[in-house]
Amino acid sequence: MIDPSKLYLFMGAAIALLLLPGPAVLYITTRSATQGRLAGLVSVLAIETANLIQAIAAGLGLSAILLSSALAFDVVKYLGAAYLIYLGIRKLLVSDNGAENEEVQPESLARIYWQGFAVNILNPKTALFFFAFLPQFVDPAKGNVTGQNLFLGAVFVGLALLTDSLYALLASSLAGKLNRSKRFQNGQRYFAGLVYIGLGITTALTGSRK
């Protein structure tokens with residue numbers, strides 16, 4: 001059982017980290033702004049599903065297998081980067097007529113979910129984060145270390161679900177007021193494409209597992 005004071009400290013640190021916009025927040029807000037509130041919330045669910053899997057892997061020690069292999073780490077990292085860049089290029093290449101059609105026939109929620117899941121599960125930095133962050137708040141004297149890691153991972157994902165949902169709702173609300181503007185709709189497309197490409201390049205250049 002984790003000491004309550006240490007749990008409160010963990011929650012405070014987690015909230016502080018989650019409120020700082022990172023790649024996941026950029027992805028979620030971009031989805032929310034370009035396709036609406038529901039798409040943003042589905043993206044949140046997808047991101048947090050991947051986060052939960054990464055947290056469980058870290059708690060069970062499975063992340064150590066990935067982090068111990070430079071080749072495996074780089075393969076996963078570049079796959080994730082390539083997928084993000086692909087999404088960005090695909091967004092940029094949509095013609096004006098295509099953009100209009102996309103507004104009438106938006107991407108399905110299932111497609112949005114699996115894209116968001118793939119983006120986050122293919123980011124080895126997420127595994128590295130959980131592997132490094134969670135153990136700082138674990139006390140071996142308080143019982144099963146694996147159980148404490150899993151509990152802290154679940155708490156972190158629960159908090160992330162709340163903060164990321166707030167970002168999604170805020171982005172969709174602000175975009176909703178401007179969606180009648182044709183110029184804004186075209187700008188959304190280019191902005192989304194450039195964000196995806198930027199995230200992909202950042203992922204690819206974020207150094208090694210060391």
# chains A, B, ... in the order shown; residues from 1 in each chain; ligands from 1
>>> closest_atom_pairs(of="stretch 107-147 of chain A", to="stretch 82-86 of chain A", cutoff="9 Å", atoms="only C-alpha atoms", output="CSV")
residue,atom,partner,partner_atom,distance
A:Gln115,CA,A:Tyr83,CA,9.0
A:Ala118,CA,A:Tyr83,CA,8.3
A:Val119,CA,A:Leu84,CA,6.8
A:Leu122,CA,A:Tyr83,CA,8.9
>>> write_last_selection(atoms="N, CA and C atoms", output="mmCIF file, in the first residue's frame")
data_model
loop_
_atom_site.group_PDB
_atom_site.id
_atom_site.type_symbol
_atom_site.label_atom_id
_atom_site.label_comp_id
_atom_site.auth_asym_id
_atom_site.auth_seq_id
_atom_site.Cartn_x
_atom_site.Cartn_y
_atom_site.Cartn_z
ATOM 1 N N GLN A 115 -5.882 5.274 -35.224
ATOM 2 C CA GLN A 115 -4.766 6.159 -35.554
ATOM 3 C C GLN A 115 -4.127 6.718 -34.282
ATOM 4 N N ALA A 118 -2.222 3.970 -32.467
ATOM 5 C CA ALA A 118 -0.957 3.647 -33.134
ATOM 6 C C ALA A 118 0.093 4.718 -32.886
ATOM 7 N N VAL A 119 -0.337 5.983 -32.934
ATOM 8 C CA VAL A 119 0.597 7.091 -32.720
ATOM 9 C C VAL A 119 1.267 6.977 -31.352
ATOM 10 N N LEU A 122 3.364 3.489 -30.605
ATOM 11 C CA LEU A 122 4.631 3.431 -31.340
ATOM 12 C C LEU A 122 5.619 4.505 -30.886
#
>>> residues_around(residues="A:Ala33", least_positions_apart="2", cutoff="7 Å", atoms="only C-alpha atoms", output="PyMOL selection string")
chain A and resi 29-31+35-36+171-172+175
>>> write_last_selection(atoms="N, CA, C and O atoms", output="compact mmCIF listing (two decimals), in the first residue's frame")
# COMPACT_ATOMS: atom_id res chain seq x y z
N THR A 29 -5.63 18.04 -29.57
CA THR A 29 -6.22 19.34 -29.89
C THR A 29 -6.36 19.55 -31.39
O THR A 29 -7.31 20.17 -31.85
N THR A 30 -5.41 19.01 -32.15
CA THR A 30 -5.51 19.11 -33.60
C THR A 30 -6.70 18.33 -34.12
O THR A 30 -7.47 18.81 -34.97
N ARG A 31 -6.90 17.13 -33.59
CA ARG A 31 -8.06 16.32 -33.97
C ARG A 31 -9.36 17.03 -33.58
O ARG A 31 -10.32 17.07 -34.35
N GLN A 35 -11.95 18.14 -36.52
CA GLN A 35 -13.11 17.27 -36.75
C GLN A 35 -14.12 17.28 -35.61
O GLN A 35 -15.07 16.51 -35.63
N GLY A 36 -13.94 18.11 -34.63
CA GLY A 36 -14.97 18.27 -33.63
C GLY A 36 -14.71 17.58 -32.30
O GLY A 36 -13.75 16.84 -32.11
N ALA A 171 -10.35 22.89 -27.29
CA ALA A 171 -9.97 23.06 -28.69
C ALA A 171 -11.19 23.00 -29.61
O ALA A 171 -11.33 23.80 -30.54
N SER A 172 -12.09 22.05 -29.35
CA SER A 172 -13.27 21.92 -30.20
C SER A 172 -14.21 23.11 -30.03
O SER A 172 -14.85 23.56 -30.98
N ALA A 175 -12.63 26.08 -31.91
CA ALA A 175 -12.71 25.88 -33.36
C ALA A 175 -14.14 26.00 -33.86
O ALA A 175 -14.40 26.48 -34.96
>>> closest_residue(among="A:Leu194, A:Leu174, A:Ala160, A:Leu19", to="A:Ala46", atoms="only C-alpha atoms")
A:Ala160
>>> residues_around(residues="A:Val195", least_positions_apart="2", cutoff="8 Å", atoms="only C-alpha atoms", output="MDAnalysis selection string")
chainID A and resid 26:27 30 88 191:193 197:199
>>> write_last_selection(atoms="N, CA, C and O atoms", output="PDB file, in the first residue's frame")
ATOM      1  N   LEU A  26      -0.961  17.966 -28.386  1.00  0.00           N
ATOM      2  CA  LEU A  26      -1.003  18.558 -29.726  1.00  0.00           C
ATOM      3  C   LEU A  26      -1.829  17.695 -30.679  1.00  0.00           C
ATOM      4  O   LEU A  26      -2.618  18.215 -31.476  1.00  0.00           O
ATOM      5  N   TYR A  27      -1.642  16.392 -30.595  1.00  0.00           N
ATOM      6  CA  TYR A  27      -2.408  15.483 -31.460  1.00  0.00           C
ATOM      7  C   TYR A  27      -3.899  15.594 -31.150  1.00  0.00           C
ATOM      8  O   TYR A  27      -4.737  15.703 -32.050  1.00  0.00           O
ATOM      9  N   THR A  30      -5.408  19.010 -32.152  1.00  0.00           N
ATOM     10  CA  THR A  30      -5.507  19.111 -33.604  1.00  0.00           C
ATOM     11  C   THR A  30      -6.705  18.327 -34.116  1.00  0.00           C
ATOM     12  O   THR A  30      -7.467  18.805 -34.967  1.00  0.00           O
ATOM     13  N   GLY A  88       0.465  13.504 -41.732  1.00  0.00           N
ATOM     14  CA  GLY A  88       0.597  14.908 -42.090  1.00  0.00           C
ATOM     15  C   GLY A  88       0.578  15.138 -43.585  1.00  0.00           C
ATOM     16  O   GLY A  88      -0.119  16.025 -44.086  1.00  0.00           O
ATOM     17  N   PHE A 191      -2.701  23.399 -40.950  1.00  0.00           N
ATOM     18  CA  PHE A 191      -2.177  23.368 -39.584  1.00  0.00           C
ATOM     19  C   PHE A 191      -2.061  21.935 -39.081  1.00  0.00           C
ATOM     20  O   PHE A 191      -1.039  21.541 -38.516  1.00  0.00           O
ATOM     21  N   ALA A 192      -3.125  21.130 -39.308  1.00  0.00           N
ATOM     22  CA  ALA A 192      -3.108  19.743 -38.860  1.00  0.00           C
ATOM     23  C   ALA A 192      -1.985  18.963 -39.537  1.00  0.00           C
ATOM     24  O   ALA A 192      -1.243  18.217 -38.887  1.00  0.00           O
ATOM     25  N   GLY A 193      -1.847  19.155 -40.846  1.00  0.00           N
ATOM     26  CA  GLY A 193      -0.800  18.443 -41.576  1.00  0.00           C
ATOM     27  C   GLY A 193       0.586  18.790 -41.070  1.00  0.00           C
ATOM     28  O   GLY A 193       1.438  17.912 -40.864  1.00  0.00           O
ATOM     29  N   ILE A 197       3.389  16.328 -39.177  1.00  0.00           N
ATOM     30  CA  ILE A 197       4.748  16.194 -39.710  1.00  0.00           C
ATOM     31  C   ILE A 197       5.775  16.655 -38.675  1.00  0.00           C
ATOM     32  O   ILE A 197       6.810  16.018 -38.475  1.00  0.00           O
ATOM     33  N   GLY A 198       5.481  17.769 -37.998  1.00  0.00           N
ATOM     34  CA  GLY A 198       6.382  18.260 -36.966  1.00  0.00           C
ATOM     35  C   GLY A 198       6.554  17.264 -35.828  1.00  0.00           C
ATOM     36  O   GLY A 198       7.671  17.042 -35.343  1.00  0.00           O
ATOM     37  N   LEU A 199       5.458  16.638 -35.411  1.00  0.00           N
ATOM     38  CA  LEU A 199       5.536  15.635 -34.358  1.00  0.00           C
ATOM     39  C   LEU A 199       6.352  14.431 -34.817  1.00  0.00           C
ATOM     40  O   LEU A 199       7.129  13.856 -34.048  1.00  0.00           O
TER      41      LEU A 199
END
>>> closest_residue(among="A:Gln148, A:Glu107, A:Pro23, A:Leu161", to="A:Thr202", atoms="only C-alpha atoms")
A:Pro23
>>> residues_around(residues="A:Gly116", least_positions_apart="6", cutoff="8 Å", atoms="only C-alpha atoms", output="list in words")
Ser43, Val44, Ala46 and Ile47 of chain A
>>> write_last_selection(atoms="N, CA and C atoms", output="CSV table (one decimal), in the first residue's frame")
chain,number,residue,atom,x,y,z
A,43,SER,N,-10.0,10.5,-29.6
A,43,SER,CA,-8.5,10.5,-29.7
A,43,SER,C,-8.0,10.4,-28.3
A,44,VAL,N,-8.6,11.1,-27.3
A,44,VAL,CA,-8.2,11.0,-25.9
A,44,VAL,C,-8.2,9.5,-25.5
A,46,ALA,N,-8.1,6.9,-27.2
A,46,ALA,CA,-7.1,6.1,-27.9
A,46,ALA,C,-5.7,6.3,-27.3
A,47,ILE,N,-5.4,7.5,-27.0
A,47,ILE,CA,-4.1,7.9,-26.4
A,47,ILE,C,-4.0,7.2,-25.0
>>> closest_residue(among="A:Ala127, A:Tyr196, A:Ala58, A:Pro21", to="A:Ala81", atoms="only C-alpha atoms")
A:Tyr196
>>> residues_around(residues="A:Asn51", least_positions_apart="6", cutoff="9 Å", atoms="only C-alpha atoms", output="number ranges by chain")
A: 117, 120-121, 126-127, 130, 153, 157
>>> write_last_selection(atoms="C-alpha atoms", output="PDB file, in the first residue's frame")
ATOM      1  CA  PHE A 117      -3.647   4.364 -30.546  1.00  0.00           C
ATOM      2  CA  ASN A 120       1.054   6.630 -28.968  1.00  0.00           C
ATOM      3  CA  ILE A 121       1.839   2.917 -28.774  1.00  0.00           C
ATOM      4  CA  THR A 126       6.106   6.857 -23.442  1.00  0.00           C
ATOM      5  CA  ALA A 127       7.493   3.548 -22.216  1.00  0.00           C
ATOM      6  CA  PHE A 130       6.649   5.337 -17.218  1.00  0.00           C
ATOM      7  CA  GLY A 153       0.222   3.810 -13.675  1.00  0.00           C
ATOM      8  CA  VAL A 157      -3.775   7.382 -16.868  1.00  0.00           C
TER       9      VAL A 157
END
>>> atom_distance(atom1="atom CA of A:Ala39", atom2="atom CA of A:Ile112")
6.9 Å
>>> atom_distance(atom1="atom CA of A:Leu18", atom2="atom CA of A:Ala154")
14.2 Å
>>> residues_around(residues="A:Lys6", least_positions_apart="5", cutoff="10 Å", atoms="only C-alpha atoms", output="PyMOL selection string")
chain A and resi 11-12+136-139
>>> atom_distance(atom1="atom CA of A:Asp164", atom2="atom CA of A:Leu60")
25.4 Å
>>> closest_residue(among="A:Phe129, A:Leu7, A:Leu109, A:Trp114", to="A:Thr49", atoms="only C-alpha atoms")
A:Trp114
